[in-house]
>>> print(open('entry17.txt').read())   # compact mmCIF, C-alpha atoms
# COMPACT_ATOMS: atom_id res chain seq x y z
CA MET A 4 159.48 128.45 83.54
CA ALA A 5 157.03 128.20 80.70
CA ASP A 6 154.23 130.16 82.31
CA ASP A 7 155.41 133.43 83.80
CA ARG A 8 151.99 135.00 83.39
CA ARG A 9 150.71 136.30 86.70
CA LYS A 10 148.24 133.74 88.04
CA THR A 11 144.79 134.89 89.03
CA PRO A 12 143.66 134.43 92.63
CA GLU A 13 141.26 131.75 91.40
CA GLU A 14 144.04 129.77 89.79
CA LEU A 15 146.26 130.06 92.84
CA PHE A 16 143.41 128.91 95.02
CA ALA A 17 142.65 125.94 92.80
CA GLU A 18 146.30 124.94 92.91
CA ALA A 19 146.57 125.31 96.65
CA VAL A 20 143.58 123.14 97.44
CA ARG A 21 144.19 120.42 94.87
CA ASP A 22 144.69 117.89 97.62
CA PRO A 23 142.22 118.61 100.40
CA ARG A 24 144.39 116.79 102.93
CA ASP A 25 147.68 118.51 102.07
CA LEU A 26 148.04 121.46 104.40
CA THR A 27 151.56 122.51 103.34
CA ARG A 28 150.38 123.52 99.88
CA TYR A 29 147.68 125.57 101.47
CA LEU A 30 149.96 127.30 103.97
CA HIS A 31 152.23 128.28 101.11
CA TYR A 32 149.23 129.75 99.34
CA LEU A 33 148.32 131.82 102.39
CA LYS A 34 151.85 133.27 102.58
CA GLN A 35 151.71 134.08 98.90
CA THR A 36 148.36 135.83 99.04
CA LYS A 37 149.45 137.82 102.07
CA SER A 38 152.66 138.99 100.45
CA GLU A 39 150.80 140.00 97.30
CA GLY A 40 148.01 141.73 99.18
CA MET A 41 145.24 139.59 97.73
CA SER A 42 141.99 138.63 99.40
CA VAL A 43 143.34 137.34 102.67
CA LEU A 44 139.96 137.22 104.33
CA VAL A 45 137.68 135.35 101.95
CA ALA A 46 140.02 132.74 100.52
CA PRO A 47 140.95 131.14 103.87
CA LEU A 48 137.29 131.05 104.81
CA ASP A 49 136.45 129.42 101.50
CA ALA A 50 139.15 126.87 102.06
CA ALA A 51 137.98 126.17 105.59
CA ILE A 52 134.39 125.68 104.46
CA ASN A 53 135.50 123.43 101.62
CA TRP A 54 137.76 121.45 103.93
CA SER A 55 134.87 120.74 106.28
CA ARG A 56 132.49 119.90 103.46
CA ALA A 57 134.86 117.65 101.54
CA ASN A 58 135.87 115.63 104.57
CA ALA A 59 132.41 115.02 105.99
CA LEU A 60 130.34 113.89 103.02
CA TRP A 61 127.44 112.02 104.51
CA PRO A 62 125.85 109.73 101.92
CA LEU A 63 122.17 108.96 101.77
CA THR A 64 121.40 105.32 102.62
CA PHE A 65 119.76 103.73 99.64
CA GLY A 66 120.60 101.29 96.89
CA LEU A 67 118.64 100.43 93.79
CA ALA A 68 120.31 97.26 92.49
CA CYS A 69 123.46 95.14 92.58
CA CYS A 70 125.80 98.18 92.67
CA ALA A 71 124.48 98.77 96.17
CA ILE A 72 126.24 95.57 97.26
CA GLU A 73 129.58 97.09 96.25
CA MET A 74 128.59 100.34 97.92
CA MET A 75 127.90 98.43 101.14
CA ALA A 76 131.29 96.73 100.84
CA VAL A 77 132.89 100.15 100.55
CA GLY A 78 131.08 101.23 103.69
CA ALA A 79 132.14 98.14 105.62
CA ALA A 80 135.40 97.36 107.40
CA LYS A 81 137.58 96.14 104.54
CA PHE A 82 137.39 99.28 102.39
CA ASP A 83 136.01 101.60 105.06
CA LEU A 84 134.62 104.80 103.59
CA ASP A 85 134.96 106.34 107.04
CA ARG A 86 138.65 106.88 106.34
CA PHE A 87 137.55 109.68 104.03
CA GLY A 88 134.83 111.02 106.29
CA ALA A 89 132.07 109.60 104.09
CA GLY A 90 131.06 106.57 106.11
CA ALA A 91 128.13 108.08 107.96
CA PHE A 92 125.26 106.79 105.82
CA ARG A 93 122.22 108.82 106.81
CA PRO A 94 118.76 107.29 106.80
CA THR A 95 117.12 110.62 105.96
CA PRO A 96 117.78 112.95 103.03
CA ARG A 97 117.61 115.93 105.41
CA GLN A 98 120.96 114.97 106.90
CA ALA A 99 122.70 113.79 103.74
CA ASP A 100 125.18 115.65 101.51
CA LEU A 101 125.89 112.99 98.94
CA MET A 102 123.57 110.84 96.90
CA ILE A 103 125.26 107.69 95.62
CA VAL A 104 122.81 106.38 93.04
CA ALA A 105 123.89 102.75 93.09
CA GLY A 106 121.89 100.70 90.63
CA THR A 107 119.35 100.69 87.83
CA VAL A 108 116.99 103.67 87.86
CA THR A 109 113.63 102.59 86.46
CA HIS A 110 110.93 104.91 85.18
CA LYS A 111 108.89 103.95 88.22
CA MET A 112 111.73 104.81 90.61
CA ALA A 113 112.87 108.06 88.95
CA PRO A 114 110.27 110.34 90.60
CA ARG A 115 111.16 108.86 94.00
CA VAL A 116 114.89 109.45 93.44
CA LYS A 117 114.13 113.00 92.32
CA ARG A 118 112.07 113.64 95.43
CA LEU A 119 114.85 112.36 97.71
CA PHE A 120 117.30 114.65 95.94
CA ASP A 121 114.97 117.60 96.35
CA GLN A 122 114.71 116.88 100.08
CA MET A 123 118.49 117.02 100.60
CA PRO A 124 119.82 120.36 101.89
CA GLU A 125 122.37 122.38 99.90
CA PRO A 126 125.20 121.85 99.18
CA LYS A 127 124.48 118.42 97.73
CA TYR A 128 126.35 116.15 95.38
CA VAL A 129 125.35 113.24 93.18
CA MET A 130 127.40 110.22 92.17
CA ALA A 131 126.15 108.06 89.29
CA MET A 132 127.46 104.60 90.13
CA GLY A 133 127.54 101.84 87.54
CA ALA A 134 126.68 101.37 83.87
CA CYS A 135 122.88 101.39 84.37
CA THR A 136 122.89 104.70 86.18
CA ILE A 137 125.29 106.35 83.73
CA GLY A 138 123.49 105.43 80.52
CA GLY A 139 121.10 102.51 80.94
CA GLY A 140 123.87 99.87 80.80
CA PRO A 141 122.61 96.50 79.54
CA TYR A 142 119.11 98.03 79.33
CA SER A 143 120.14 100.90 77.08
CA VAL A 144 118.63 99.39 73.91
CA HIS A 145 115.78 97.06 74.90
CA GLY A 146 115.07 98.18 78.45
CA TYR A 147 111.62 99.71 78.10
CA HIS A 148 111.46 100.47 81.82
CA VAL A 149 114.94 101.92 82.50
CA VAL A 150 115.89 105.60 82.47
CA LYS A 151 118.77 105.95 80.00
CA GLY A 152 121.04 107.93 82.26
CA LEU A 153 120.63 109.56 85.65
CA ASP A 154 121.81 112.90 84.25
CA ARG A 155 118.52 113.21 82.39
CA PHE A 156 116.88 114.39 85.56
CA LEU A 157 119.61 115.00 88.19
CA PRO A 158 122.84 117.06 88.09
CA VAL A 159 125.57 114.40 88.32
CA ASP A 160 128.94 115.40 89.80
CA VAL A 161 130.93 112.18 89.38
CA TYR A 162 130.39 109.17 87.14
CA VAL A 163 131.70 105.80 88.32
CA PRO A 164 131.86 103.33 85.42
CA GLY A 165 131.75 99.58 85.97
CA CYS A 166 129.22 96.78 86.18
CA PRO A 167 129.35 96.97 89.10
CA PRO A 168 132.36 99.22 89.84
CA ARG A 169 135.05 97.82 92.10
CA PRO A 170 135.08 99.30 95.61
CA GLU A 171 138.34 101.02 94.70
CA ALA A 172 136.55 102.79 91.86
CA LEU A 173 133.97 104.18 94.24
CA ILE A 174 136.69 105.38 96.61
CA ASP A 175 138.45 107.01 93.65
CA ALA A 176 135.21 108.76 92.73
CA LEU A 177 134.94 110.06 96.27
CA LEU A 178 138.46 111.47 96.07
CA TRP A 179 137.59 113.17 92.78
CA LEU A 180 134.51 114.64 94.37
CA GLN A 181 136.58 115.93 97.29
CA GLN A 182 138.91 117.67 94.86
CA LYS A 183 135.94 119.17 93.10
CA ILE A 184 134.52 120.48 96.34
CA ALA A 185 137.91 121.86 97.40
CA GLN A 186 137.98 124.10 94.34
CA GLU A 187 134.63 125.69 94.99
CA ARG A 188 134.42 129.31 96.14
CA PRO A 189 131.34 129.15 98.35
CA LEU A 190 131.65 132.75 99.56
CA ILE A 191 132.37 134.25 96.17
CA LYS A 192 130.25 132.15 93.89
CA ARG A 193 127.84 129.69 95.27
CA TYR A 194 128.55 126.87 92.85
CA SER A 195 131.64 126.10 90.90
CA LYS A 196 129.63 124.05 88.40
CA GLU A 197 127.82 127.21 87.31
CA THR A 198 131.07 129.08 86.73
CA ALA A 199 132.63 126.24 84.76
CA MET H 9 101.58 59.76 90.24
CA ASP H 10 103.27 60.64 87.01
CA ILE H 11 101.87 63.18 84.57
CA ARG H 12 100.36 60.48 82.32
CA SER H 13 98.23 58.95 85.05
CA ILE H 14 97.18 62.41 86.25
CA HIS H 15 96.11 63.20 82.71
CA ALA H 16 94.16 59.94 82.47
CA LEU H 17 92.49 60.62 85.82
CA LEU H 18 91.41 64.10 84.73
CA ARG H 19 90.24 62.83 81.34
CA ASP H 20 87.99 60.30 83.07
CA ARG H 21 86.41 62.87 85.29
CA PHE H 22 86.27 66.07 83.20
CA GLU H 23 86.20 64.61 79.66
CA ASN H 24 86.09 67.44 77.10
CA ILE H 25 87.49 70.07 79.44
CA ILE H 26 90.82 68.28 79.37
CA GLY H 27 92.84 68.45 76.16
CA GLU H 28 95.90 66.54 75.00
CA LEU H 29 98.95 65.79 77.08
CA GLN H 30 101.77 67.70 75.45
CA THR H 31 105.22 66.20 75.80
CA PRO H 32 107.86 68.48 74.29
CA GLU H 33 111.40 67.18 73.72
CA ARG H 34 112.69 69.50 76.37
CA GLY H 35 110.90 70.80 79.44
CA ASP H 36 107.87 69.64 81.37
CA ALA H 37 104.93 67.79 79.89
CA SER H 38 101.74 69.82 80.24
CA ILE H 39 98.02 69.06 80.33
CA ALA H 40 95.87 71.37 78.23
CA VAL H 41 92.76 72.58 80.06
CA ALA H 42 89.87 74.59 78.62
CA ALA H 43 89.56 77.98 80.31
CA GLU H 44 85.94 77.53 81.46
CA GLY H 45 86.76 74.41 83.48
CA LEU H 46 90.04 75.51 85.02
CA ALA H 47 88.71 76.38 88.48
CA ASP H 48 86.93 73.01 88.85
CA VAL H 49 89.97 71.07 87.67
CA CYS H 50 92.27 72.93 90.08
CA ARG H 51 89.95 72.44 93.01
CA PHE H 52 89.73 68.73 92.21
CA LEU H 53 93.52 68.40 91.94
CA ARG H 54 93.98 70.12 95.29
CA ASP H 55 91.29 68.20 97.22
CA ASN H 56 91.49 64.72 95.71
CA ASP H 57 93.44 62.30 97.92
CA ALA H 58 95.31 60.75 95.01
CA THR H 59 96.69 64.07 93.73
CA ARG H 60 96.74 66.56 96.69
CA PHE H 61 98.36 69.44 94.84
CA ASP H 62 98.61 71.75 97.82
CA PHE H 63 101.22 74.08 96.37
CA LEU H 64 101.10 76.32 93.32
CA ARG H 65 104.74 76.89 92.44
CA LEU H 66 104.22 79.57 89.85
CA ILE H 67 102.06 80.83 87.04
CA SER H 68 103.88 81.65 83.86
CA SER H 69 102.57 82.97 80.59
CA VAL H 70 103.61 82.62 76.96
CA ASP H 71 102.77 84.60 73.85
CA ARG H 72 102.15 82.07 71.06
CA GLY H 73 101.06 84.49 68.36
CA THR H 74 97.30 84.20 67.98
CA ARG H 75 96.93 82.68 71.43
CA LEU H 76 98.26 83.37 74.90
CA SER H 77 99.02 80.63 77.40
CA SER H 78 98.63 80.76 81.14
CA ILE H 79 100.64 77.93 82.68
CA TYR H 80 100.29 76.51 86.19
CA HIS H 81 103.11 74.59 87.84
CA LEU H 82 101.76 72.47 90.68
CA TYR H 83 103.51 70.52 93.39
CA SER H 84 102.23 68.15 96.03
CA TYR H 85 104.07 68.02 99.34
CA PRO H 86 102.35 64.81 100.55
CA HIS H 87 103.05 62.91 97.31
CA SER H 88 106.16 64.77 96.05
CA HIS H 89 104.80 64.85 92.53
CA THR H 90 104.35 67.66 90.04
CA ALA H 91 102.00 68.59 87.24
CA VAL H 92 101.80 71.37 84.70
CA LEU H 93 98.47 72.71 83.49
CA ARG H 94 98.15 74.90 80.46
CA VAL H 95 95.31 77.15 79.39
CA ASP H 96 95.36 78.60 75.88
CA VAL H 97 93.16 81.60 75.29
CA ASP H 98 92.43 83.90 72.39
CA ARG H 99 94.80 86.84 72.13
CA GLU H 100 92.01 89.35 71.51
CA ALA H 101 89.98 88.27 74.58
CA PRO H 102 92.43 86.59 76.96
CA ARG H 103 90.10 85.70 79.81
CA VAL H 104 91.02 82.98 82.31
CA PRO H 105 89.24 82.24 85.60
CA SER H 106 91.30 83.14 88.65
CA VAL H 107 92.56 80.34 90.89
CA SER H 108 93.38 82.71 93.75
CA SER H 109 90.50 81.29 95.80
CA ILE H 110 92.11 77.84 95.54
CA TRP H 111 95.76 78.80 96.09
CA ALA H 112 96.23 82.23 97.69
CA SER H 113 99.70 82.51 96.16
CA ALA H 114 98.03 82.77 92.75
CA GLU H 115 96.93 86.29 93.60
CA TRP H 116 100.31 87.94 92.94
CA HIS H 117 101.28 85.53 90.15
CA GLU H 118 98.11 86.43 88.28
CA ARG H 119 98.73 90.13 88.81
CA GLU H 120 102.19 89.69 87.31
CA ALA H 121 100.87 87.76 84.30
CA PHE H 122 98.27 90.49 83.84
CA ASP H 123 100.91 93.21 84.11
CA MET H 124 103.39 91.62 81.72
CA MET H 125 101.18 89.66 79.30
CA GLY H 126 97.75 91.25 79.62
CA ILE H 127 95.88 88.08 80.55
CA ILE H 128 92.67 88.98 82.38
CA TYR H 129 91.93 86.76 85.36
CA GLU H 130 88.24 86.77 86.12
CA ASN H 131 87.09 86.95 89.76
CA HIS H 132 90.53 88.06 90.91
CA PRO H 133 90.14 90.21 94.08
CA GLU H 134 92.34 93.05 92.81
CA LEU H 135 93.70 92.69 89.32
CA THR H 136 96.06 95.68 89.07
CA ARG H 137 99.63 96.07 87.87
CA ILE H 138 102.20 94.71 90.29
CA LEU H 139 105.58 95.72 88.81
CA LEU H 140 105.03 98.57 86.38
CA PRO H 141 103.49 101.93 87.31
CA ASP H 142 99.68 102.00 87.30
CA ASP H 143 99.52 104.40 84.35
CA TRP H 144 101.81 102.31 82.11
CA GLU H 145 100.43 101.48 78.67
CA GLY H 146 100.69 98.04 77.10
CA HIS H 147 101.99 94.69 78.29
CA PRO H 148 105.76 94.39 77.75
CA LEU H 149 106.19 90.63 77.34
CA ARG H 150 103.87 90.43 74.33
CA LYS H 151 105.81 89.85 71.14
CA ASP H 152 104.30 92.91 69.41
CA TYR H 153 105.02 95.28 72.29
CA GLN H 154 106.45 98.66 71.34
CA PRO H 155 108.21 100.50 74.16
CA PRO H 156 106.92 104.02 74.79
CA ALA H 157 109.04 106.80 73.25
CA GLU H 158 108.91 108.62 76.57
CA TYR H 159 107.44 108.25 80.00
CA HIS H 160 106.61 111.30 82.13
CA GLY H 161 109.04 113.51 80.24
CA LEU H 162 112.00 111.10 80.24
CA THR H 163 112.80 109.86 76.73
CA ASN H 164 113.53 106.20 76.20
CA THR H 165 116.21 106.31 73.51
>>> encode(input="entry17.txt", output="structure tokens")
Amino acid sequence: MADDRRKTPEELFAEAVRDPRDLTRYLHYLKQTKSEGMSVLVAPLDAAINWSRANALWPLTFGLACCAIEMMAVGAAKFDLDRFGAGAFRPTPRQADLMIVAGTVTHKMAPRVKRLFDQMPEPKYVMAMGACTIGGGPYSVHGYHVVKGLDRFLPVDVYVPGCPPRPEALIDALLWLQQKIAQERPLIKRYSKETA
Amino acid sequence: MDIRSIHALLRDRFENIIGELQTPERGDASIAVAAEGLADVCRFLRDNDATRFDFLRLISSVDRGTRLSSIYHLYSYPHSHTAVLRVDVDREAPRVPSVSSIWASAEWHEREAFDMMGIIYENHPELTRILLPDDWEGHPLRKDYQPPAEYHGLTNT
């Protein structure tokens, strides 16, 4: 064993929840914390909250360009985002947890996207889908009207490269996001991104 | 009617308003029209039985350096024939009469040409930007256009 250093509760927690759908890992973690007299109250609650959040990510219904076509394919029967609990596209930001920015963000559209994000309740997550959204894509040099990256005005959680990304790429991004959520400690610290 | 006989017909009736017929190697032949007579020529082409151009397909615009062109692609459903009219105006004062009272579809096409190329269509009912935000500066399809360094706090590089 290379690492016989005693792991911190945070590290143990992160390990236990690495796969949000794997309960055995988590049950092992609970046994471990109990035997070592660590926080047996807060950690299970954290995990329960994370489990519910990660497996019911409701995306906001909107698409800005061609990436939205792939996003719609992911939502439809063949790829079926509902398998991961993220198929309930909400028509209002008030009910949405996840903003999939699928397509070119123009300077004219940016304030509207920002407003939709502001109207979403916490906790909220942002996916930057496609080359345009990540860094301007084909418009990065001569596109006078395109914002050169969504992260210039929104906090992006996952980047999905591609032009447009394959549906599998978007599903992969969702799985990454679920892992990210699973490692949050909502009762201890509100946001894991601030602690990172 | 082909474009040559349409040109001859217009020459007979409008004389100096109508310029040369330009026949490039590639693309459509176009009839040059002086800006001040454009509305009369268009109304004639729409209402005359021999031409009957009842459909304005599109208005495009070209930056030719010292001059800007506003180009009208016409189609006639009754006769299945086409014509292209071209108005060249001075870059510093690009004023062209609006044809939106003749073909209603011209309204949005002219707004787009105004937005992108800065051609001013006189007597247009509401000549405002159609694609870009209202407070945008400049007309992006002009050859000397410089993109703004930033727009509302978002840098462009």
>>> closest_atom_pairs(input="entry17.txt", of="chain A", to="chain H", cutoff="10 Å", atoms="all atoms listed in the file", output="Markdown table")
| residue | atom | partner | partner_atom | distance |
| --- | --- | --- | --- | --- |
| A:Thr109 | CA | H:Leu140 | CA | 9.5 |
| A:His110 | CA | H:Tyr159 | CA | 7.1 |
| A:Lys111 | CA | H:Pro141 | CA | 5.8 |
| A:Met112 | CA | H:Pro141 | CA | 9.3 |
| A:Ala113 | CA | H:Leu162 | CA | 9.3 |
| A:Pro114 | CA | H:His160 | CA | 9.3 |
| A:Gly139 | CA | H:Asn164 | CA | 9.7 |
| A:Ser143 | CA | H:Thr165 | CA | 7.6 |
| A:Val144 | CA | H:Thr165 | CA | 7.3 |
| A:His145 | CA | H:Pro155 | CA | 8.3 |
| A:Gly146 | CA | H:Pro155 | CA | 8.4 |
| A:Tyr147 | CA | H:Pro155 | CA | 5.3 |
| A:His148 | CA | H:Leu140 | CA | 8.1 |
| A:Val149 | CA | H:Asn164 | CA | 7.7 |
| A:Val150 | CA | H:Asn164 | CA | 6.7 |
| A:Lys151 | CA | H:Asn164 | CA | 6.5 |
| A:Gly152 | CA | H:Leu162 | CA | 9.8 |
| A:Arg155 | CA | H:Leu162 | CA | 7.2 |
| A:Phe156 | CA | H:Leu162 | CA | 7.9 |
>>> atom_distance(input="entry17.txt", atom1="atom CA of H:Ala121", atom2="atom CA of H:Asn56")
27.4 Å
>>> atom_distance(input="entry17.txt", atom1="atom CA of A:Leu67", atom2="atom CA of A:Leu101")
15.4 Å
>>> residues_around(input="entry17.txt", residues="stretch 58-62 of chain A", least_positions_apart="3", cutoff="6 Å", atoms="all atoms listed in the file", output="ChimeraX atom specification")
/A:55,88-89,91-92,99-102
>>> write_last_selection(input="entry17.txt", atoms="C-alpha atoms", output="mmCIF file, in the frame of the given file")
data_model
loop_
_atom_site.group_PDB
_atom_site.id
_atom_site.type_symbol
_atom_site.label_atom_id
_atom_site.label_comp_id
_atom_site.auth_asym_id
_atom_site.auth_seq_id
_atom_site.Cartn_x
_atom_site.Cartn_y
_atom_site.Cartn_z
ATOM 1 C CA SER A 55 134.870 120.740 106.280
ATOM 2 C CA GLY A 88 134.830 111.020 106.290
ATOM 3 C CA ALA A 89 132.070 109.600 104.090
ATOM 4 C CA ALA A 91 128.130 108.080 107.960
ATOM 5 C CA PHE A 92 125.260 106.790 105.820
ATOM 6 C CA ALA A 99 122.700 113.790 103.740
ATOM 7 C CA ASP A 100 125.180 115.650 101.510
ATOM 8 C CA LEU A 101 125.890 112.990 98.940
ATOM 9 C CA MET A 102 123.570 110.840 96.900
#
>>> residues_around(input="entry17.txt", residues="H:Val49", least_positions_apart="6", cutoff="9 Å", atoms="only C-alpha atoms", output="ChimeraX atom specification")
/H:18,22,25-26,41
>>> write_last_selection(input="entry17.txt", atoms="C-alpha atoms", output="PDB file, keeping the file's coordinate frame")
ATOM      1  CA  LEU H  18      91.410  64.100  84.730  1.00  0.00           C
ATOM      2  CA  PHE H  22      86.270  66.070  83.200  1.00  0.00           C
ATOM      3  CA  ILE H  25      87.490  70.070  79.440  1.00  0.00           C
ATOM      4  CA  ILE H  26      90.820  68.280  79.370  1.00  0.00           C
ATOM      5  CA  VAL H  41      92.760  72.580  80.060  1.00  0.00           C
TER       6      VAL H  41
END
>>> build_atoms(input="entry17.txt", residues="stretch 73-100 of chain H", atoms="N, CA and C atoms", output="PDB file, keeping the file's coordinate frame")
ATOM      1  N   GLY H  73     101.597  83.917  69.585  1.00  0.00           N
ATOM      2  CA  GLY H  73     101.060  84.490  68.360  1.00  0.00           C
ATOM      3  C   GLY H  73      99.588  84.789  68.474  1.00  0.00           C
ATOM      4  N   THR H  74      98.733  83.913  67.906  1.00  0.00           N
ATOM      5  CA  THR H  74      97.300  84.200  67.980  1.00  0.00           C
ATOM      6  C   THR H  74      96.722  83.867  69.350  1.00  0.00           C
ATOM      7  N   ARG H  75      97.451  83.072  70.124  1.00  0.00           N
ATOM      8  CA  ARG H  75      96.930  82.680  71.430  1.00  0.00           C
ATOM      9  C   ARG H  75      97.942  83.003  72.527  1.00  0.00           C
ATOM     10  N   LEU H  76      97.405  83.196  73.731  1.00  0.00           N
ATOM     11  CA  LEU H  76      98.260  83.370  74.900  1.00  0.00           C
ATOM     12  C   LEU H  76      98.056  82.184  75.817  1.00  0.00           C
ATOM     13  N   SER H  77      99.122  81.758  76.484  1.00  0.00           N
ATOM     14  CA  SER H  77      99.020  80.630  77.400  1.00  0.00           C
ATOM     15  C   SER H  77      99.242  81.112  78.829  1.00  0.00           C
ATOM     16  N   SER H  78      98.420  80.561  79.717  1.00  0.00           N
ATOM     17  CA  SER H  78      98.630  80.760  81.140  1.00  0.00           C
ATOM     18  C   SER H  78      98.966  79.386  81.710  1.00  0.00           C
ATOM     19  N   ILE H  79     100.121  79.250  82.343  1.00  0.00           N
ATOM     20  CA  ILE H  79     100.640  77.930  82.680  1.00  0.00           C
ATOM     21  C   ILE H  79     100.813  77.805  84.193  1.00  0.00           C
ATOM     22  N   TYR H  80     100.313  76.692  84.737  1.00  0.00           N
ATOM     23  CA  TYR H  80     100.290  76.510  86.190  1.00  0.00           C
ATOM     24  C   TYR H  80     101.207  75.352  86.559  1.00  0.00           C
ATOM     25  N   HIS H  81     102.182  75.623  87.395  1.00  0.00           N
ATOM     26  CA  HIS H  81     103.110  74.590  87.840  1.00  0.00           C
ATOM     27  C   HIS H  81     102.729  74.185  89.253  1.00  0.00           C
ATOM     28  N   LEU H  82     102.279  72.940  89.391  1.00  0.00           N
ATOM     29  CA  LEU H  82     101.760  72.470  90.680  1.00  0.00           C
ATOM     30  C   LEU H  82     102.725  71.489  91.319  1.00  0.00           C
ATOM     31  N   TYR H  83     102.687  71.479  92.641  1.00  0.00           N
ATOM     32  CA  TYR H  83     103.510  70.520  93.390  1.00  0.00           C
ATOM     33  C   TYR H  83     102.703  70.015  94.560  1.00  0.00           C
ATOM     34  N   SER H  84     102.922  68.735  94.891  1.00  0.00           N
ATOM     35  CA  SER H  84     102.230  68.150  96.030  1.00  0.00           C
ATOM     36  C   SER H  84     103.265  67.787  97.096  1.00  0.00           C
ATOM     37  N   TYR H  85     103.153  68.395  98.257  1.00  0.00           N
ATOM     38  CA  TYR H  85     104.070  68.020  99.340  1.00  0.00           C
ATOM     39  C   TYR H  85     103.817  66.602  99.843  1.00  0.00           C
ATOM     40  N   PRO H  86     102.559  66.181 100.052  1.00  0.00           N
ATOM     41  CA  PRO H  86     102.350  64.810 100.550  1.00  0.00           C
ATOM     42  C   PRO H  86     102.860  63.743  99.580  1.00  0.00           C
ATOM     43  N   HIS H  87     102.686  63.949  98.272  1.00  0.00           N
ATOM     44  CA  HIS H  87     103.050  62.910  97.310  1.00  0.00           C
ATOM     45  C   HIS H  87     104.357  63.198  96.581  1.00  0.00           C
ATOM     46  N   SER H  88     104.928  64.367  96.760  1.00  0.00           N
ATOM     47  CA  SER H  88     106.160  64.770  96.050  1.00  0.00           C
ATOM     48  C   SER H  88     106.038  64.598  94.538  1.00  0.00           C
ATOM     49  N   HIS H  89     104.895  64.898  93.998  1.00  0.00           N
ATOM     50  CA  HIS H  89     104.800  64.850  92.530  1.00  0.00           C
ATOM     51  C   HIS H  89     104.365  66.195  91.968  1.00  0.00           C
ATOM     52  N   THR H  90     104.608  66.362  90.680  1.00  0.00           N
ATOM     53  CA  THR H  90     104.350  67.660  90.040  1.00  0.00           C
ATOM     54  C   THR H  90     103.403  67.475  88.861  1.00  0.00           C
ATOM     55  N   ALA H  91     102.799  68.585  88.464  1.00  0.00           N
ATOM     56  CA  ALA H  91     102.000  68.590  87.240  1.00  0.00           C
ATOM     57  C   ALA H  91     102.014  69.999  86.674  1.00  0.00           C
ATOM     58  N   VAL H  92     101.846  70.066  85.356  1.00  0.00           N
ATOM     59  CA  VAL H  92     101.800  71.370  84.700  1.00  0.00           C
ATOM     60  C   VAL H  92     100.497  71.463  83.919  1.00  0.00           C
ATOM     61  N   LEU H  93      99.712  72.476  84.220  1.00  0.00           N
ATOM     62  CA  LEU H  93      98.470  72.710  83.490  1.00  0.00           C
ATOM     63  C   LEU H  93      98.670  73.905  82.565  1.00  0.00           C
ATOM     64  N   ARG H  94      97.960  73.838  81.431  1.00  0.00           N
ATOM     65  CA  ARG H  94      98.150  74.900  80.460  1.00  0.00           C
ATOM     66  C   ARG H  94      96.803  75.326  79.908  1.00  0.00           C
ATOM     67  N   VAL H  95      96.553  76.619  79.930  1.00  0.00           N
ATOM     68  CA  VAL H  95      95.310  77.150  79.390  1.00  0.00           C
ATOM     69  C   VAL H  95      95.642  78.068  78.227  1.00  0.00           C
ATOM     70  N   ASP H  96      95.146  77.732  77.038  1.00  0.00           N
ATOM     71  CA  ASP H  96      95.360  78.600  75.880  1.00  0.00           C
ATOM     72  C   ASP H  96      94.110  79.436  75.659  1.00  0.00           C
ATOM     73  N   VAL H  97      94.303  80.731  75.521  1.00  0.00           N
ATOM     74  CA  VAL H  97      93.160  81.600  75.290  1.00  0.00           C
ATOM     75  C   VAL H  97      93.431  82.497  74.087  1.00  0.00           C
ATOM     76  N   ASP H  98      92.328  83.048  73.556  1.00  0.00           N
ATOM     77  CA  ASP H  98      92.430  83.900  72.390  1.00  0.00           C
ATOM     78  C   ASP H  98      93.147  85.199  72.743  1.00  0.00           C
ATOM     79  N   ARG H  99      94.028  85.636  71.854  1.00  0.00           N
ATOM     80  CA  ARG H  99      94.800  86.840  72.130  1.00  0.00           C
ATOM     81  C   ARG H  99      93.932  88.089  72.283  1.00  0.00           C
ATOM     82  N   GLU H 100      92.852  88.140  71.494  1.00  0.00           N
ATOM     83  CA  GLU H 100      92.010  89.350  71.510  1.00  0.00           C
ATOM     84  C   GLU H 100      91.159  89.428  72.774  1.00  0.00           C
TER      85      GLU H 100
END
